[in-house]
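Have a look at target_23.cif below; it lists mmCIF, C-alpha atoms.
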data_target
#
loop_
_atom_site.group_PDB
_atom_site.id
_atom_site.type_symbol
_atom_site.label_atom_id
_atom_site.label_comp_id
_atom_site.auth_asym_id
_atom_site.auth_seq_id
_atom_site.Cartn_x
_atom_site.Cartn_y
_atom_site.Cartn_z
ATOM 1 C CA MET A 1 -3.346 26.214 -11.776
ATOM 2 C CA ALA A 2 -4.629 22.769 -12.785
ATOM 3 C CA VAL A 3 -4.805 20.194 -9.995
ATOM 4 C CA ASP A 4 -3.261 16.812 -10.692
ATOM 5 C CA PRO A 5 -6.199 14.360 -10.351
ATOM 6 C CA THR A 6 -3.832 11.648 -9.088
ATOM 7 C CA SER A 7 -2.316 13.796 -6.343
ATOM 8 C CA ASP A 8 -2.989 12.842 -2.740
ATOM 9 C CA GLU A 9 -4.927 16.012 -2.172
ATOM 10 C CA ALA A 10 -7.172 15.401 -5.196
ATOM 11 C CA LEU A 11 -7.796 11.848 -3.984
ATOM 12 C CA VAL A 12 -8.841 13.132 -0.559
ATOM 13 C CA VAL A 13 -11.334 15.456 -2.252
ATOM 14 C CA ALA A 14 -12.609 12.553 -4.396
ATOM 15 C CA LEU A 15 -13.002 10.357 -1.319
ATOM 16 C CA ARG A 16 -14.979 13.042 0.444
ATOM 17 C CA GLY A 17 -17.235 13.033 -2.605
ATOM 18 C CA GLY A 18 -17.899 9.306 -2.101
ATOM 19 C CA ASP A 19 -15.322 7.833 -4.502
ATOM 20 C CA LEU A 20 -14.083 4.778 -2.597
ATOM 21 C CA GLU A 21 -11.584 3.986 -5.346
ATOM 22 C CA ALA A 22 -9.686 7.053 -4.139
ATOM 23 C CA PHE A 23 -9.311 5.380 -0.762
ATOM 24 C CA GLU A 24 -7.736 2.320 -2.377
ATOM 25 C CA ARG A 25 -5.184 4.468 -4.155
ATOM 26 C CA LEU A 26 -4.313 6.418 -1.039
ATOM 27 C CA TYR A 27 -4.025 3.209 0.934
ATOM 28 C CA ASP A 28 -1.692 1.685 -1.655
ATOM 29 C CA ARG A 29 0.515 4.750 -1.493
ATOM 30 C CA TYR A 30 0.751 4.982 2.256
ATOM 31 C CA GLU A 31 0.231 1.512 3.737
ATOM 32 C CA ARG A 32 3.898 0.601 3.834
ATOM 33 C CA ARG A 33 5.215 4.031 4.706
ATOM 34 C CA LEU A 34 2.749 4.676 7.498
ATOM 35 C CA TYR A 35 2.764 1.173 8.938
ATOM 36 C CA GLY A 36 6.574 1.062 8.691
ATOM 37 C CA TYR A 37 6.728 4.357 10.570
ATOM 38 C CA ILE A 38 4.384 3.182 13.320
ATOM 39 C CA ARG A 39 6.149 -0.141 13.731
ATOM 40 C CA ARG A 40 9.410 1.672 14.486
ATOM 41 C CA PHE A 41 7.759 3.041 17.611
ATOM 42 C CA VAL A 42 5.308 0.343 18.588
ATOM 43 C CA ALA A 43 6.698 -3.113 19.138
ATOM 44 C CA GLU A 44 3.405 -4.956 19.577
ATOM 45 C CA PRO A 45 1.897 -5.798 16.132
ATOM 46 C CA SER A 46 -1.724 -5.727 17.324
ATOM 47 C CA VAL A 47 -1.220 -2.292 18.900
ATOM 48 C CA ALA A 48 0.467 -1.094 15.692
ATOM 49 C CA ASP A 49 -2.491 -2.393 13.653
ATOM 50 C CA ASP A 50 -4.962 -0.482 15.815
ATOM 51 C CA LEU A 51 -2.851 2.647 15.691
ATOM 52 C CA PHE A 52 -2.506 2.422 11.910
ATOM 53 C CA GLN A 53 -6.259 2.077 11.480
ATOM 54 C CA ASP A 54 -6.914 4.887 13.925
ATOM 55 C CA VAL A 55 -4.496 7.281 12.199
ATOM 56 C CA PHE A 56 -5.642 6.499 8.671
ATOM 57 C CA VAL A 57 -9.336 6.701 9.421
ATOM 58 C CA THR A 58 -8.973 9.817 11.589
ATOM 59 C CA VAL A 59 -7.011 11.677 8.955
ATOM 60 C CA LEU A 60 -9.387 10.779 6.133
ATOM 61 C CA ARG A 61 -12.480 11.590 8.176
ATOM 62 C CA ASP A 62 -11.103 14.860 9.461
ATOM 63 C CA ARG A 63 -12.846 17.641 7.564
ATOM 64 C CA THR A 64 -10.645 20.302 9.163
ATOM 65 C CA TYR A 65 -7.831 19.279 6.832
ATOM 66 C CA ASP A 66 -7.971 21.498 3.765
ATOM 67 C CA PRO A 67 -6.242 19.844 0.766
ATOM 68 C CA ALA A 68 -5.766 23.267 -0.816
ATOM 69 C CA ARG A 69 -3.622 24.508 2.052
ATOM 70 C CA GLY A 70 -1.154 21.716 2.732
ATOM 71 C CA ARG A 71 0.146 18.367 1.658
ATOM 72 C CA PHE A 72 -1.717 15.263 2.766
ATOM 73 C CA ALA A 73 1.531 13.464 3.668
ATOM 74 C CA ALA A 74 2.534 16.177 6.136
ATOM 75 C CA TRP A 75 -0.892 16.037 7.796
ATOM 76 C CA LEU A 76 -0.913 12.255 7.920
ATOM 77 C CA PHE A 77 2.527 11.960 9.469
ATOM 78 C CA MET A 78 1.877 14.757 11.918
ATOM 79 C CA VAL A 79 -1.112 12.845 13.247
ATOM 80 C CA ALA A 80 0.868 9.589 13.162
ATOM 81 C CA ARG A 81 3.745 11.128 15.084
ATOM 82 C CA ASN A 82 1.448 12.509 17.770
ATOM 83 C CA ARG A 83 -0.336 9.180 18.156
ATOM 84 C CA CYS A 84 2.945 7.275 18.293
ATOM 85 C CA LEU A 85 4.324 9.598 20.965
ATOM 86 C CA GLY A 86 1.108 9.197 22.930
ATOM 87 C CA GLU A 87 1.331 5.441 22.628
ATOM 88 C CA GLN A 88 4.966 5.506 23.717
ATOM 89 C CA ARG A 89 4.051 7.510 26.787
ATOM 90 C CA ARG A 90 1.369 4.982 27.646
ATOM 91 C CA GLN A 91 3.817 2.176 27.166
ATOM 92 C CA ARG A 92 6.386 3.763 29.421
ATOM 93 C CA THR A 93 3.919 3.864 32.267
ATOM 94 C CA ARG A 94 3.698 0.108 32.103
ATOM 95 C CA ASP A 95 6.984 -1.189 33.483
ATOM 96 C CA ALA A 96 6.763 -4.635 32.075
ATOM 97 C CA LEU A 97 5.924 -3.421 28.601
ATOM 98 C CA ALA A 98 8.740 -0.904 28.615
ATOM 99 C CA GLU A 99 11.159 -3.676 29.409
ATOM 100 C CA GLU A 100 9.721 -5.830 26.647
ATOM 101 C CA LEU A 101 10.036 -2.969 24.174
ATOM 102 C CA GLU A 102 13.693 -2.584 24.993
ATOM 103 C CA VAL A 103 14.292 -6.259 24.341
ATOM 104 C CA ARG A 104 12.346 -6.234 21.060
ATOM 105 C CA LEU A 105 13.977 -3.134 19.678
ATOM 106 C CA ALA A 106 17.489 -4.106 20.705
ATOM 107 C CA PRO A 107 19.889 -4.904 17.852
ATOM 108 C CA ARG A 108 19.342 -8.495 16.783
ATOM 109 C CA PRO A 109 22.028 -11.158 16.421
ATOM 110 C CA ALA A 110 24.491 -10.796 13.583
ATOM 111 C CA SER A 111 23.028 -13.493 11.363
ATOM 112 C CA PHE A 112 19.990 -11.633 10.031
ATOM 113 C CA ASP A 113 19.392 -9.944 6.689
ATOM 114 C CA ASP A 114 19.931 -6.368 5.504
ATOM 115 C CA ALA A 115 16.409 -5.217 6.387
ATOM 116 C CA GLY A 116 16.897 -6.435 9.935
ATOM 117 C CA ARG A 117 20.289 -4.742 10.105
ATOM 118 C CA VAL A 118 18.810 -1.415 9.006
ATOM 119 C CA HIS A 119 15.870 -1.902 11.363
ATOM 120 C CA ALA A 120 18.208 -2.469 14.280
ATOM 121 C CA ALA A 121 20.380 0.515 13.346
ATOM 122 C CA VAL A 122 17.342 2.817 13.160
ATOM 123 C CA ALA A 123 16.048 1.445 16.447
ATOM 124 C CA ALA A 124 19.390 2.150 18.081
ATOM 125 C CA LEU A 125 19.321 5.834 17.082
ATOM 126 C CA PRO A 126 18.340 8.384 19.733
ATOM 127 C CA GLU A 127 14.633 9.206 19.583
ATOM 128 C CA PRO A 128 14.893 12.691 17.943
ATOM 129 C CA GLN A 129 17.252 11.407 15.245
ATOM 130 C CA ARG A 130 15.035 8.413 14.572
ATOM 131 C CA GLN A 131 12.006 10.685 14.224
ATOM 132 C CA LEU A 132 13.866 12.888 11.788
ATOM 133 C CA ILE A 133 15.077 10.094 9.550
ATOM 134 C CA LEU A 134 11.703 8.361 9.493
ATOM 135 C CA LEU A 135 9.764 11.543 8.777
ATOM 136 C CA LYS A 136 12.101 12.247 5.900
ATOM 137 C CA GLN A 137 12.413 8.735 4.480
ATOM 138 C CA LEU A 138 8.992 7.234 5.120
ATOM 139 C CA GLY A 139 6.934 10.411 5.384
ATOM 140 C CA GLU A 140 8.803 12.012 2.491
ATOM 141 C CA LEU A 141 8.254 15.380 4.110
ATOM 142 C CA THR A 142 10.244 18.418 3.054
ATOM 143 C CA TYR A 143 12.656 20.197 5.418
ATOM 144 C CA ARG A 144 10.096 22.963 5.707
ATOM 145 C CA GLU A 145 7.302 20.542 6.631
ATOM 146 C CA ILE A 146 9.440 18.780 9.228
ATOM 147 C CA ALA A 147 10.525 22.137 10.634
ATOM 148 C CA GLY A 148 6.880 23.168 10.949
ATOM 149 C CA LEU A 149 6.010 19.869 12.582
ATOM 150 C CA LEU A 150 8.803 19.957 15.147
ATOM 151 C CA GLY A 151 8.661 23.712 15.673
ATOM 152 C CA VAL A 152 12.300 24.446 14.783
ATOM 153 C CA ALA A 153 14.082 26.339 12.025
ATOM 154 C CA GLU A 154 14.610 24.748 8.625
ATOM 155 C CA GLY A 155 18.390 25.093 8.951
ATOM 156 C CA THR A 156 18.270 23.220 12.242
ATOM 157 C CA ILE A 157 16.443 20.347 10.589
ATOM 158 C CA LYS A 158 19.087 20.217 7.909
ATOM 159 C CA SER A 159 21.984 20.036 10.349
ATOM 160 C CA ARG A 160 20.199 17.558 12.620
ATOM 161 C CA LEU A 161 19.369 15.334 9.674
ATOM 162 C CA HIS A 162 22.988 15.445 8.650
ATOM 163 C CA ALA A 163 24.032 14.315 12.138
ATOM 164 C CA ALA A 164 21.329 11.637 12.169
ATOM 165 C CA THR A 165 22.417 10.104 8.866
ATOM 166 C CA ALA A 166 26.045 10.150 10.026
ATOM 167 C CA ALA A 167 24.974 8.295 13.174
ATOM 168 C CA LEU A 168 22.984 5.824 11.096
ATOM 169 C CA ARG A 169 25.993 5.188 8.854
ATOM 170 C CA ARG A 170 28.141 4.592 11.939
ATOM 171 C CA LEU A 171 25.628 2.122 13.370
ATOM 172 C CA LEU A 172 25.302 0.289 10.062
ATOM 173 C CA THR A 173 29.074 0.048 9.709
ATOM 174 C CA GLU A 174 29.402 -1.232 13.276
ATOM 175 C CA GLY A 175 26.633 -3.745 12.567
ATOM 176 C CA SER A 176 28.438 -4.989 9.461
ATOM 177 C CA ALA A 177 31.770 -5.236 11.290
ATOM 178 C CA GLU A 178 30.158 -7.294 14.046
ATOM 179 C CA GLY A 179 28.351 -9.487 11.488
ATOM 180 C CA MET U 1 33.497 23.128 -3.972
ATOM 181 C CA THR U 2 35.679 21.359 -1.400
ATOM 182 C CA CYS U 3 35.109 17.861 -0.018
ATOM 183 C CA PRO U 4 33.811 19.047 3.399
ATOM 184 C CA GLN U 5 31.402 21.431 1.641
ATOM 185 C CA SER U 6 30.271 18.621 -0.621
ATOM 186 C CA ASP U 7 29.795 16.334 2.363
ATOM 187 C CA ALA U 8 27.443 18.825 3.982
ATOM 188 C CA HIS U 9 25.249 18.931 0.885
ATOM 189 C CA LEU U 10 25.072 15.232 -0.002
ATOM 190 C CA ILE U 11 21.941 14.590 2.012
ATOM 191 C CA ASP U 12 20.269 17.653 0.491
ATOM 192 C CA LEU U 13 21.031 16.326 -2.963
ATOM 193 C CA ILE U 14 19.446 12.982 -2.121
ATOM 194 C CA HIS U 15 16.337 14.717 -0.836
ATOM 195 C CA ASP U 16 16.222 17.141 -3.731
ATOM 196 C CA GLU U 17 16.438 20.132 -1.431
ATOM 197 C CA LEU U 18 19.222 22.068 -3.157
ATOM 198 C CA ASP U 19 18.918 25.185 -5.273
ATOM 199 C CA ALA U 20 19.872 24.706 -8.918
ATOM 200 C CA GLU U 21 23.214 26.495 -8.635
ATOM 201 C CA THR U 22 24.497 24.529 -5.616
ATOM 202 C CA GLN U 23 23.229 21.306 -7.124
ATOM 203 C CA ALA U 24 25.141 21.892 -10.360
ATOM 204 C CA GLU U 25 28.283 22.736 -8.395
ATOM 205 C CA LEU U 26 27.952 19.639 -6.233
ATOM 206 C CA LEU U 27 27.378 17.380 -9.236
ATOM 207 C CA ARG U 28 30.515 18.796 -10.874
ATOM 208 C CA HIS U 29 32.448 18.018 -7.695
ATOM 209 C CA LEU U 30 31.064 14.475 -7.468
ATOM 210 C CA ALA U 31 31.997 13.843 -11.094
ATOM 211 C CA GLY U 32 35.636 14.571 -10.283
ATOM 212 C CA CYS U 33 35.954 13.224 -6.721
ATOM 213 C CA SER U 34 35.664 9.474 -6.259
ATOM 214 C CA GLY U 35 35.741 9.716 -2.430
ATOM 215 C CA CYS U 36 32.731 12.037 -2.264
ATOM 216 C CA ALA U 37 30.936 10.045 -4.983
ATOM 217 C CA LEU U 38 31.406 6.900 -2.920
ATOM 218 C CA ARG U 39 30.116 8.631 0.225
ATOM 219 C CA PHE U 40 27.102 9.822 -1.757
ATOM 220 C CA CYS U 41 26.337 6.266 -2.898
ATOM 221 C CA GLN U 42 26.736 4.899 0.637
ATOM 222 C CA LEU U 43 24.485 7.571 2.067
ATOM 223 C CA ARG U 44 21.827 6.982 -0.561
ATOM 224 C CA ALA U 45 21.966 3.214 0.008
ATOM 225 C CA ASP U 46 21.635 3.689 3.778
ATOM 226 C CA LEU U 47 18.588 5.900 3.401
ATOM 227 C CA GLU U 48 17.000 3.676 0.782
ATOM 228 C CA GLY U 49 17.548 0.799 3.193
ATOM 229 C CA VAL U 50 15.429 2.634 5.771
ATOM 230 C CA THR U 51 12.626 2.997 3.226
ATOM 231 C CA MET U 52 12.900 -0.543 1.895
ATOM 232 C CA SER U 53 12.926 -2.138 5.334
ATOM 233 C CA ALA U 54 9.564 -0.588 6.192
ATOM 234 C CA GLU U 55 7.120 -3.297 7.155
ATOM 235 C CA ALA U 56 3.862 -3.750 5.232
ATOM 236 C CA PRO U 57 0.624 -4.061 7.206
ATOM 237 C CA PRO U 58 -1.201 -7.408 7.220
ATOM 238 C CA PRO U 59 -3.784 -7.708 4.360
ATOM 239 C CA ALA U 60 -6.672 -8.045 6.823
ATOM 240 C CA LEU U 61 -5.963 -4.531 8.031
ATOM 241 C CA ARG U 62 -6.931 -3.076 4.647
ATOM 242 C CA ARG U 63 -10.385 -4.654 4.944
ATOM 243 C CA ARG U 64 -10.789 -3.264 8.469
ATOM 244 C CA VAL U 65 -9.818 0.238 7.423
ATOM 245 C CA ARG U 66 -11.963 0.028 4.284
ATOM 246 C CA ARG U 67 -15.030 -0.936 6.326
ATOM 247 C CA GLU U 68 -14.510 2.083 8.565
ATOM 248 C CA ILE U 69 -14.028 4.377 5.599
ATOM 249 C CA GLU U 70 -17.113 2.985 3.848
ATOM 250 C CA ARG U 71 -19.222 3.794 6.874
ATOM 251 C CA THR U 72 -18.250 7.430 6.549
ATOM 252 C CA PHE U 73 -17.935 7.969 2.838
ATOM 253 C CA ARG U 74 -20.165 5.401 1.106
ATOM 254 C CA PRO U 75 -22.749 7.351 -0.886
ATOM 255 C CA PRO U 76 -26.473 6.673 -0.282
ATOM 256 C CA LEU U 77 -28.277 4.015 -2.321
ATOM 257 C CA TRP U 78 -30.045 6.481 -4.674
ATOM 258 C CA ARG U 79 -26.703 8.082 -5.506
ATOM 259 C CA ARG U 80 -25.081 4.717 -6.284
ATOM 260 C CA ALA U 81 -28.030 3.737 -8.508
ATOM 261 C CA LEU U 82 -27.721 7.030 -10.342
ATOM 262 C CA ASP U 83 -23.996 6.494 -10.866
ATOM 263 C CA LEU U 84 -24.678 3.011 -12.208
ATOM 264 C CA GLY U 85 -27.108 4.464 -14.744
ATOM 265 C CA ARG U 86 -24.613 7.115 -15.774
ATOM 266 C CA ARG U 87 -21.821 4.617 -16.283
ATOM 267 C CA PRO U 88 -20.833 4.487 -19.993
ATOM 268 C CA VAL U 89 -21.821 1.268 -21.764
ATOM 269 C CA PRO U 90 -18.904 -0.305 -23.661
ATOM 270 C CA ALA U 91 -19.297 -0.921 -27.428
ATOM 271 C CA TYR U 92 -19.108 -4.679 -27.114
ATOM 272 C CA GLY U 93 -21.959 -4.521 -24.615
ATOM 273 C CA VAL U 94 -24.195 -2.875 -27.238
ATOM 274 C CA VAL U 95 -23.243 -5.535 -29.826
ATOM 275 C CA VAL U 96 -23.968 -8.402 -27.429
ATOM 276 C CA ALA U 97 -27.284 -6.840 -26.399
ATOM 277 C CA SER U 98 -28.415 -6.405 -30.020
ATOM 278 C CA LEU U 99 -27.411 -9.959 -30.915
ATOM 279 C CA ALA U 100 -29.070 -11.518 -27.887
ATOM 280 C CA PRO U 101 -32.523 -12.105 -29.516
ATOM 281 C CA VAL U 102 -30.877 -13.720 -32.570
ATOM 282 C CA ILE U 103 -28.748 -15.981 -30.371
ATOM 283 C CA ALA U 104 -31.817 -16.937 -28.345
ATOM 284 C CA TRP U 105 -33.836 -17.751 -31.499
ATOM 285 C CA VAL U 106 -31.032 -19.958 -32.907
ATOM 286 C CA ALA U 107 -30.623 -21.770 -29.588
ATOM 287 C CA LEU U 108 -34.394 -22.469 -29.360
ATOM 288 C CA SER U 109 -34.485 -23.720 -32.964
ATOM 289 C CA PHE U 110 -31.747 -26.243 -32.256
ATOM 290 C CA ALA U 111 -33.457 -27.405 -29.099
ATOM 291 C CA ALA U 112 -36.711 -28.050 -31.022
ATOM 292 C CA GLY U 113 -34.899 -30.263 -33.605
ATOM 293 C CA PRO U 114 -35.036 -30.180 -37.453
ATOM 294 C CA PRO U 115 -38.475 -29.812 -39.045
ATOM 295 C CA SER U 116 -39.713 -33.007 -40.848
ATOM 296 C CA ALA U 117 -42.230 -33.348 -43.785
ATOM 297 C CA SER U 118 -44.142 -36.447 -42.470
ATOM 298 C CA PRO U 119 -44.023 -36.880 -38.740
ATOM 299 C CA THR U 120 -43.718 -40.570 -37.909
ATOM 300 C CA PRO U 121 -43.553 -42.117 -34.468
ATOM 301 C CA ALA U 122 -40.043 -42.946 -33.389
ATOM 302 C CA SER U 123 -41.106 -46.561 -32.620
ATOM 303 C CA ASN U 124 -41.615 -47.240 -36.371
ATOM 304 C CA HIS U 125 -37.873 -47.124 -36.955
ATOM 305 C CA LEU U 126 -37.016 -49.631 -34.233
ATOM 306 C CA PRO U 127 -36.686 -53.365 -34.927
ATOM 307 C CA ARG U 128 -39.675 -55.217 -33.591
ATOM 308 C CA ILE U 129 -39.786 -58.518 -31.729
ATOM 309 C CA ILE U 130 -42.698 -60.579 -32.951
ATOM 310 C CA ASP U 131 -44.725 -62.943 -30.699
ATOM 311 C CA TYR U 132 -42.939 -61.998 -27.529
ATOM 312 C CA ASP U 133 -44.934 -61.838 -24.359
ATOM 313 C CA SER U 134 -43.102 -60.913 -21.236
ATOM 314 C CA MET U 135 -45.864 -62.368 -19.054
ATOM 315 C CA VAL U 136 -45.396 -65.897 -20.349
ATOM 316 C CA PRO U 137 -42.866 -67.782 -18.168
ATOM 317 C CA LEU U 138 -39.760 -69.028 -19.881
ATOM 318 C CA THR U 139 -39.753 -72.729 -20.601
ATOM 319 C CA PRO U 140 -36.507 -74.657 -20.824
ATOM 320 C CA ARG U 141 -35.849 -75.957 -24.283
ATOM 321 C CA ASP U 142 -33.226 -78.375 -25.408
ATOM 322 C CA VAL U 143 -31.138 -76.647 -27.913
ATOM 323 C CA LEU U 144 -28.837 -79.551 -28.671
ATOM 324 C CA LEU U 145 -30.823 -82.676 -29.483
#

Structure translated into C-alpha cells:
Amino acid sequence: MAVDPTSDEALVVALRGGDLEAFERLYDRYERRLYGYIRRFVAEPSVADDLFQDVFVTVLRDRTYDPARGRFAAWLFMVARNRCLGEQRRQRTRDALAEELEVRLAPRPASFDDAGRVHAAVAALPEPQRQLILLKQLGELTYREIAGLLGVAEGTIKSRLHAATAALRRLLTEGSAEG
Amino acid sequence: MTCPQSDAHLIDLIHDELDAETQAELLRHLAGCSGCALRFCQLRADLEGVTMSAEAPPPALRRRVRREIERTFRPPLWRRALDLGRRPVPAYGVVVASLAPVIAWVALSFAAGPPSASPTPASNHLPRIIDYDSMVPLTPRDVLL
C-alpha cells in the first residue's frame, strides 16, 4: 500500500532522515491542538510552554515510536496526557499553586466571549470527562485509540463520551443563561 | 430509527465512527426530524467550540522547539553540501547565468563611454578667461565715471 507522503507518519520518517521542513509541517499541524490541550491542564503559561516543548521534542526524538505501527497523533497525545497528569500531581503537592489553579480555571464572569465560555465549560467538567473530550476534539483520536490509551473497552469510551458531551452542553447552556 | 436511538448516535456521526448502514439510517432520521437535527447542530457547534477555543502557543516557542529539533536531526555539513549540489537548477537560473557575461560586457562598455575618432582634452571645449591671474590682488575701479 502506498504511503501518503504528507501523512504525519511519513513526515516523522522524513524528519528522522534530516528533513527539517517535515518538522515545520508537523508543528503547524499540532501546535494549536497540543498547546490547547496542555493549557487546559496547566494554568501557568511558562510551565505550559516548557511542557509543550518537552512533549514535542521527546516524541519526535523517540526512536521507539514506529510510524508503521501506529498513528503519530495517538502517540503524541499519550505522551502529552502522561506529562500533563504528572504536572498536575506536582502542582497538587504545592498548596498555594493548587489554590491558584482553582481560581484561574474557575468559570469567568459572564461578559466574556464564546471562546472563554467554552473554555470555562470545559474547565468545569470532571477530570475524566474533560480528558475524553479533549483527546477526541484536540487529539482527534479514534474511539479505539482512546480506549487503548485509557485501558477501557471501546463501548465504554463511546458511552462516557456521550455523557461528557451532554454535561458540556448543560454547562454551556447554564453559562449562556447566566450571561 | 427512533429519537432516543438517534440521540445516542449523534456524537458518533460527528466523529465519523458509525458503520455505513447505521449512518445512512441516522441521516434518514435527521432529514425527517427537526428536533434531532437541531440537537445534532448544537452538539457539533459545542464540540467545534472546544476545538476553536484551543490556544495557540507563542511564536517564540516555535523557535525554541526548532532549535532543539535541529540539534538532533540537522544533517552533517557534508550531507547539506551534497544536497545543495543535487538541488535542481530552475530554467530561469540557466538563462540568467548564460546572459551574465553579455550583461557584464554591456555594462563595462557604457562605463567606459562612447569611442571617439580624435581624442581631444576636455578643457578645449570650455570657455577660456584671457589675462586672468588669480595671484594679482583686485584693485578697485570706478565703474561709473

Just so the selection is clear, what residues does the PyMOL selection byres ((chain U) within 6 of (chain A)) cover here, as a short mmCIF file (atom, residue, chain, number, x, y, z; two decimals) with C-alpha atoms, in the coordinates of the input?
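Output saved as part39.cif:
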data_model
loop_
_atom_site.label_atom_id
_atom_site.label_comp_id
_atom_site.auth_asym_id
_atom_site.auth_seq_id
_atom_site.Cartn_x
_atom_site.Cartn_y
_atom_site.Cartn_z
CA THR U 51 12.63 3.00 3.23
CA SER U 53 12.93 -2.14 5.33
CA ALA U 54 9.56 -0.59 6.19
CA GLU U 55 7.12 -3.30 7.16
CA ALA U 56 3.86 -3.75 5.23
CA PRO U 57 0.62 -4.06 7.21
CA VAL U 65 -9.82 0.24 7.42
CA PHE U 73 -17.93 7.97 2.84
CA ARG U 74 -20.16 5.40 1.11
CA PRO U 75 -22.75 7.35 -0.89
#

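In this structure, atom CA of Pro76 of chain U sits 22.2 Å away from atom CA of Leu26 of chain A.
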
Next item on the list: List the residues selected by the PyMOL selection byres ((chain U and resi 11) around 9) in the file shown, writing them as a PyMOL selection string.
Entry: (chain A and resi 158+161-162+165) or (chain U and resi 7-10+12-17+40+43-44)

Give me a file of those residues, with C-alpha atoms, as a short mmCIF file (atom, residue, chain, number, x, y, z; two decimals), keeping the file's coordinate frame.
data_model
loop_
_atom_site.label_atom_id
_atom_site.label_comp_id
_atom_site.auth_asym_id
_atom_site.auth_seq_id
_atom_site.Cartn_x
_atom_site.Cartn_y
_atom_site.Cartn_z
CA LYS A 158 19.09 20.22 7.91
CA LEU A 161 19.37 15.33 9.67
CA HIS A 162 22.99 15.44 8.65
CA THR A 165 22.42 10.10 8.87
CA ASP U 7 29.80 16.33 2.36
CA ALA U 8 27.44 18.82 3.98
CA HIS U 9 25.25 18.93 0.88
CA LEU U 10 25.07 15.23 0.00
CA ASP U 12 20.27 17.65 0.49
CA LEU U 13 21.03 16.33 -2.96
CA ILE U 14 19.45 12.98 -2.12
CA HIS U 15 16.34 14.72 -0.84
CA ASP U 16 16.22 17.14 -3.73
CA GLU U 17 16.44 20.13 -1.43
CA PHE U 40 27.10 9.82 -1.76
CA LEU U 43 24.48 7.57 2.07
CA ARG U 44 21.83 6.98 -0.56
#

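Candidate residues U:Val136, U:Val106, U:Leu30, U:Ile69 were compared for distance to Gln5 of chain U, and the nearest is U:Leu30, using all atoms listed in the file.
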
Next item on the list: Please identify all polymer residues within 10 Å of Gly70 of chain A, counting only C-alpha atoms, omitting same-chain residues fewer than 4 positions from it, and present them as number ranges by chain.
Entry: A: 9, 65-66, 74-75, 145

Notebook entry, point to check: Between atom CA of Ala24 of chain U and atom CA of Pro4 of chain U, what is the distance, to one decimal in Å?
Noted result: 16.5 Å

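Straight-line separation from atom CA of Thr173 of chain A to atom CA of Arg28 of chain U: 27.9 Å.
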
Margin query: My list of candidates is A:Val55, A:Leu132, A:Glu174, A:Glu87. Which is closest to Glu68 of chain U when distances are computed with only C-alpha atoms?
Written below: A:Val55

Next item on the list: Spell out the residues picked by the PyMOL selection byres ((chain A and resi 7) around 12) here, as a list in words.
Entry: Ala2, Val3, Asp4, Pro5, Thr6, Asp8, Glu9, Ala10, Leu11, Val12, Val13, Ala14, Ala22, Arg25, Leu26, Arg29, Pro67, Ala68, Arg71, Phe72 and Ala73 of chain A

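Minimum atom-to-atom distance to Ala164 of chain A, evaluated using only C-alpha atoms, belongs to U:Leu47 out of U:Leu26, U:Met1, U:Leu47, U:Leu18.
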